[in-house]
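Peer 1: Take a look at the following structure, please.
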Amino acid sequence: MAASVVKMSADRSVSTPMLHAEMTGVTRIYAAKGKTPGVHALGPVDLALRQGEFFSVVGPSGCGKSTLLDVLAGLSSPTEGKVVFEGAPVTGSVPPGIGVVFQENAAFPWLSVKDNIAFGLRREGTDPAEVERRVGYALGFMGLEDFAAAYPSQLSGGMRQRVCIARTLVMQPRLILLDEPFGALDAQTRLLMGDELLKLWRETGATVMLITHALDEAAMLSDRIAVMSARPGRIMEELETGWPKERDSRIASEDHFGQITSRLWKRLREESIKATARGGA
Amino acid sequence: MRQILDSLLLVLALALVWQGLYWLAGDLALASPAQTFARAAELLATPSFWRHASETFLALGYALLIAVTAGMGIGLALGMHRLSGEVAEPVLVSLYSLPKITLYPVILLLFGLGISAKIALGVIHGIIPIIIFSMGAVRAIAPVYFKTARVLRLSRGQLVRTVIVPAAIPELVSGLRVGFSLTLLGVLIGEMFASQRGLGYLVMKSIGTLDVPTMMAVIVMLALVAVLISSLLLYLDHRLHRRAL
């Protein structure tokens, strides 16, 4: 089944954009273990991320979105197929240049906010002055200056997620993968975090792939959106939003935003029903 | 402030119960609180008491050192290697419930009558709970920490040093708390039989010579030290667990 490509506006790009990461014919099957039967979680999936784009993946719960991210990051190996990042195959480990923000609270409770953010740099043996500079910048960028000395247990969920984003940011990744990073946050916080994410994306020039189940989030943030089917997750459709690079949550009131979300929902509705009927919700 | 008052009341109540028991049981089985503390003060002034005490705490120190380093090392390794952990767990649990005193003859034959037998008995009492707690501590670490470590491309050594150990510390302290009291128990049991030195020996000797005040004084002092160290560890334990969220 070939994924259909939908353009929501006139094609503005003239030259062919450069490929940053690519998945070809990727499947992931979890082997049966004891009494648990094997699960065909993903694919086959073909996916191409262009240099510098904001790409989102939406799909019903349990469709293998997180598996897709794990395989792309090199956190788990595909059963079949191939993953390429910046021209080199990804096998068994996370290549340098990829940063990941997870849904779960991944801030280390035994470190202060500042030490959490500096964690990766210090393990790499970065020069202390440079660590100080980058961490200071990230603290400011994520609005965490006043909390530098605080511990994660003193922060709200949204603040903790900022810490994790800052920890990724200081490593200066060229590809940032986000696995439902705002899934545990309330709706208003999510919108604001979306704005921060857009700002971060523009500032760093990194390629971003966001996994989400929130259609409005995908519609507002992305250049392109892939819609996944119920398990085993396949990409049913790729959609170009045609948003200008300078955008923020205010575009949520535009007609075009409504068109995108309704288009996504039309595609997803049946799949969500399938997933729910299976008890995947 | 409130807590201190509560503790004082508890101590007072215990002393009253003790005094009551003394009136009931009489001089042959118990010494009164006053007699006991008077005897304790005398003992504290005699050099031979300090020789016994230092023997006991030296043995306890060595036993703890061995039980904690080996126990945590084994526990962390078993926690990190899933299959080994699953194989070892039922073995450890049955060893834990085995009355270790039954191994005492074997230990005597292996280590002789000196301090090493006491240390060995302390170690076999303390090490198993420390292993079990450490293993559980590693298993309870959130999977997302391991994923984060892989994304940040940590080496195996960095993973252990900068993620696993700090993440496990609250549970490790719980293990240490349980391990401490059992190690002390093991050392004292070791001193009670076939030993010529230590506070355990002093207790047994006083029973033999019907010196009830000395027996009580040593027991009370041991209990005080044990309670003090245990409360310190418990305090640390609570503090660490609160921060861990």
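Starting from 1 in every chain, residues are counted up; chains themselves are A, B, ... following the order of the structure tokens, and ligands are numbered from 1 as listed.
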Just want the 9 Å neighbourhood of stretch 227-235 of chain A, counted on only C-alpha atoms, with same-chain residues fewer than 5 positions away dropped. Output as a PyMOL selection string.

Peer 2: chain A and resi 1-4+27-28+39-47+56-65+68+264+267-268+270-275

Peer 1: Can you pull out the residues contacting B:His52? Cut-off 8 Å, using only C-alpha atoms, and skip same-chain residues under 2 positions away; I want them as number ranges by chain.

Peer 2: B: 48-50, 54-56, 197-199, 202

Peer 1: Could you give me, as an MDAnalysis selection string, the residues within 8 Å of B:Lys100, counting only C-alpha atoms and dropping anything in the same chain fewer than 3 positions from it?

Peer 2: chainID B and resid 103:104 121 124:125

Peer 1: Please, could you write that set of residues out with N, CA, C and O atoms as a PDB file, in the first residue's frame?

Peer 2:
ATOM      1  N   LEU B 103      24.717 -22.880  60.251  1.00  0.00           N
ATOM      2  CA  LEU B 103      26.010 -22.955  59.565  1.00  0.00           C
ATOM      3  C   LEU B 103      27.171 -22.709  60.536  1.00  0.00           C
ATOM      4  O   LEU B 103      28.330 -22.792  60.141  1.00  0.00           O
ATOM      5  N   TYR B 104      26.835 -22.399  61.781  1.00  0.00           N
ATOM      6  CA  TYR B 104      27.867 -22.002  62.727  1.00  0.00           C
ATOM      7  C   TYR B 104      28.990 -23.027  62.890  1.00  0.00           C
ATOM      8  O   TYR B 104      30.173 -22.654  62.853  1.00  0.00           O
ATOM      9  N   LEU B 121      30.284 -14.799  60.349  1.00  0.00           N
ATOM     10  CA  LEU B 121      28.885 -14.979  60.729  1.00  0.00           C
ATOM     11  C   LEU B 121      28.101 -13.672  60.508  1.00  0.00           C
ATOM     12  O   LEU B 121      26.954 -13.692  60.067  1.00  0.00           O
ATOM     13  N   ILE B 124      27.517 -13.417  56.635  1.00  0.00           N
ATOM     14  CA  ILE B 124      26.456 -14.245  56.035  1.00  0.00           C
ATOM     15  C   ILE B 124      25.063 -13.810  56.502  1.00  0.00           C
ATOM     16  O   ILE B 124      24.080 -14.049  55.818  1.00  0.00           O
ATOM     17  N   HIS B 125      24.977 -13.144  57.632  1.00  0.00           N
ATOM     18  CA  HIS B 125      23.671 -12.619  58.040  1.00  0.00           C
ATOM     19  C   HIS B 125      23.301 -11.379  57.227  1.00  0.00           C
ATOM     20  O   HIS B 125      22.165 -11.202  56.823  1.00  0.00           O
TER      21      HIS B 125
END

Peer 1: Which one of B:Met192, B:Val151, B:Val87, B:Ile169 sits closest to A:Asp70 if you count only C-alpha atoms?

Peer 2: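 Looking at the shortest contact to A:Asp70, the residue is B:Val151.
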
Peer 1: Quick one: residues within 12 Å of A:Asp195, only C-alpha atoms, excluding same-chain residues fewer than 2 positions away - as an mmCIF file with N, CA and C atoms, in the first residue's frame?

Peer 2:
data_model
loop_
_atom_site.group_PDB
_atom_site.id
_atom_site.type_symbol
_atom_site.label_atom_id
_atom_site.label_comp_id
_atom_site.auth_asym_id
_atom_site.auth_seq_id
_atom_site.Cartn_x
_atom_site.Cartn_y
_atom_site.Cartn_z
ATOM 1 N N MET A 142 14.948 28.175 27.691
ATOM 2 C CA MET A 142 13.783 27.422 28.144
ATOM 3 C C MET A 142 13.097 28.093 29.336
ATOM 4 N N GLN A 188 -3.435 23.998 27.796
ATOM 5 C CA GLN A 188 -2.809 25.323 27.628
ATOM 6 C C GLN A 188 -1.289 25.214 27.649
ATOM 7 N N THR A 189 -0.777 24.444 28.607
ATOM 8 C CA THR A 189 0.675 24.265 28.681
ATOM 9 C C THR A 189 1.189 23.674 27.373
ATOM 10 N N ARG A 190 0.416 22.758 26.806
ATOM 11 C CA ARG A 190 0.828 22.120 25.550
ATOM 12 C C ARG A 190 0.976 23.132 24.431
ATOM 13 N N LEU A 191 -0.007 24.040 24.318
ATOM 14 C CA LEU A 191 0.058 25.063 23.271
ATOM 15 C C LEU A 191 1.310 25.928 23.431
ATOM 16 N N LEU A 192 1.582 26.337 24.676
ATOM 17 C CA LEU A 192 2.748 27.186 24.926
ATOM 18 C C LEU A 192 4.049 26.436 24.653
ATOM 19 N N MET A 193 4.087 25.170 25.058
ATOM 20 C CA MET A 193 5.278 24.361 24.802
ATOM 21 C C MET A 193 5.468 24.195 23.295
ATOM 22 N N LEU A 197 8.763 25.040 21.149
ATOM 23 C CA LEU A 197 9.360 24.043 20.264
ATOM 24 C C LEU A 197 9.624 24.651 18.881
ATOM 25 N N LEU A 198 8.670 25.449 18.396
ATOM 26 C CA LEU A 198 8.856 26.114 17.096
ATOM 27 C C LEU A 198 10.051 27.064 17.155
ATOM 28 N N LYS A 199 10.147 27.794 18.267
ATOM 29 C CA LYS A 199 11.244 28.741 18.443
ATOM 30 C C LYS A 199 12.588 27.992 18.436
ATOM 31 N N LEU A 200 12.599 26.887 19.165
ATOM 32 C CA LEU A 200 13.812 26.073 19.251
ATOM 33 C C LEU A 200 14.199 25.521 17.875
ATOM 34 N N TRP A 201 13.193 25.106 17.139
ATOM 35 C CA TRP A 201 13.426 24.534 15.807
ATOM 36 C C TRP A 201 14.017 25.584 14.866
ATOM 37 N N ARG A 202 13.449 26.790 14.901
ATOM 38 C CA ARG A 202 13.967 27.858 14.035
ATOM 39 C C ARG A 202 15.384 28.247 14.438
ATOM 40 N N GLU A 217 -1.858 19.669 17.659
ATOM 41 C CA GLU A 217 -0.437 19.895 17.844
ATOM 42 C C GLU A 217 0.309 19.670 16.524
ATOM 43 N N MET A 220 -0.505 22.397 13.885
ATOM 44 C CA MET A 220 0.040 23.721 14.144
ATOM 45 C C MET A 220 1.554 23.771 13.958
ATOM 46 N N LEU A 221 2.240 22.685 14.309
ATOM 47 C CA LEU A 221 3.696 22.750 14.377
ATOM 48 C C LEU A 221 4.404 22.345 13.090
ATOM 49 N N SER A 222 3.773 21.475 12.285
ATOM 50 C CA SER A 222 4.558 20.744 11.292
ATOM 51 C C SER A 222 4.615 21.387 9.918
ATOM 52 N N GLU A 246 7.965 31.194 9.943
ATOM 53 C CA GLU A 246 7.643 31.995 11.130
ATOM 54 C C GLU A 246 6.180 31.760 11.473
ATOM 55 N N ARG A 247 5.943 30.935 12.467
ATOM 56 C CA ARG A 247 4.553 30.678 12.864
ATOM 57 C C ARG A 247 4.512 30.427 14.354
ATOM 58 N N ASP A 248 3.336 30.589 14.954
ATOM 59 C CA ASP A 248 3.168 30.234 16.356
ATOM 60 C C ASP A 248 1.732 29.798 16.608
ATOM 61 N N SER A 249 1.360 29.622 17.859
ATOM 62 C CA SER A 249 0.063 29.015 18.173
ATOM 63 C C SER A 249 -1.121 29.853 17.688
ATOM 64 N N ARG A 250 -0.861 31.110 17.300
ATOM 65 C CA ARG A 250 -1.979 31.919 16.826
ATOM 66 C C ARG A 250 -2.590 31.396 15.534
ATOM 67 N N ILE A 251 -1.777 30.619 14.757
ATOM 68 C CA ILE A 251 -2.335 30.087 13.518
ATOM 69 C C ILE A 251 -3.455 29.090 13.791
ATOM 70 N N ALA A 252 -3.618 28.694 15.058
ATOM 71 C CA ALA A 252 -4.685 27.753 15.392
ATOM 72 C C ALA A 252 -6.068 28.340 15.125
#

Peer 1: Could you please tell me, as a PyMOL selection string, which residues of chain A have an atom within 10 Å of chain B when using only C-alpha atoms?

Peer 2: chain A and resi 70+73-75+93-111+119-121+123-124+151-154+164+167-168+171

Peer 1: Could you write those residues out with C-alpha atoms, as a short mmCIF file (atom, residue, chain, number, x, y, z; two decimals), in the first residue's frame?

Peer 2:
data_model
loop_
_atom_site.label_atom_id
_atom_site.label_comp_id
_atom_site.auth_asym_id
_atom_site.auth_seq_id
_atom_site.Cartn_x
_atom_site.Cartn_y
_atom_site.Cartn_z
CA ASP A 70 13.02 4.00 18.75
CA ALA A 73 17.00 6.73 16.85
CA GLY A 74 18.86 3.43 16.95
CA LEU A 75 17.38 2.54 20.33
CA SER A 93 23.33 2.31 18.86
CA VAL A 94 22.28 5.95 18.76
CA PRO A 95 24.49 7.86 16.32
CA PRO A 96 25.98 11.19 17.42
CA GLY A 97 23.85 14.11 16.27
CA ILE A 98 20.50 12.62 17.34
CA GLY A 99 18.71 13.91 20.43
CA VAL A 100 15.59 12.36 21.92
CA VAL A 101 12.99 13.77 24.32
CA PHE A 102 10.73 11.14 25.86
CA GLN A 103 7.19 11.31 27.16
CA GLU A 104 8.12 9.99 30.59
CA ASN A 105 9.80 12.22 33.13
CA ALA A 106 13.45 11.56 32.34
CA ALA A 107 14.98 14.31 34.49
CA PHE A 108 17.31 12.71 37.03
CA PRO A 109 15.88 13.39 40.52
CA TRP A 110 19.32 13.34 42.18
CA LEU A 111 20.65 16.24 40.07
CA PHE A 119 24.79 15.92 32.26
CA GLY A 120 25.42 14.85 28.67
CA LEU A 121 28.11 17.47 28.03
CA ARG A 123 30.02 12.83 30.19
CA GLU A 124 31.49 13.84 26.83
CA TYR A 151 15.57 19.72 41.96
CA PRO A 152 13.09 18.05 39.58
CA SER A 153 10.81 17.03 42.47
CA GLN A 154 10.20 20.73 43.12
CA CYS A 164 14.70 17.38 29.38
CA ARG A 167 19.38 18.68 28.23
CA THR A 168 18.87 17.61 24.61
CA MET A 171 24.13 18.57 22.91
#

Peer 1: If you measure from atom CA of B:Ile131 to atom CA of B:Ser84, what distance in Å do you get, rounded to one decimal?

Peer 2: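 Separating atom CA of B:Ile131 from atom CA of B:Ser84 is a distance of 12.9 Å.
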
Peer 1: Could you please write out, as a ChimeraX atom specification, every residue of stretch 26-211 of chain B that DSSP assigns to helix (DSSP H, G or I)?

Peer 2: /B:33-44,47-80,82-97,100-111,115-139,143-151,156-192,199-208

Peer 1: Taking 4 positions as the minimum chain separation for residues in the same chain, which residues sit within 9 Å of B:Arg39 when counting only C-alpha atoms? Answer as a PyMOL selection string.

Peer 2: chain B and resi 34-35+43-44+213-214+216-217

Peer 1: Taking the chain letters and numbering used in this document, name the residues of stretch 58-267 of chain A that DSSP puts in strand (DSSP E), as an MDAnalysis selection string.

Peer 2: chainID A and resid 58 80:85 88:89 98:101 175:179 207:212 224:228 235:240

Peer 1: So the first atom is atom CA of B:Phe37 and the second is atom CA of B:Ala223; what is the distance between them in Å, to one decimal place?

Peer 2: 13.3 Å

Peer 1: Quote the spacing between atom CA of B:Arg161 and atom CA of A:Thr91 in Å to one decimal place.

Peer 2: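 For atom CA of B:Arg161 relative to atom CA of A:Thr91, the distance reads 25.6 Å.
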
Peer 1: Which residue is closest to B:Gly73? Choose from B:Phe133, B:Ala140, B:Ser7, B:Asp237 and count only C-alpha atoms.

Peer 2: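 Closest candidate: B:Phe133.
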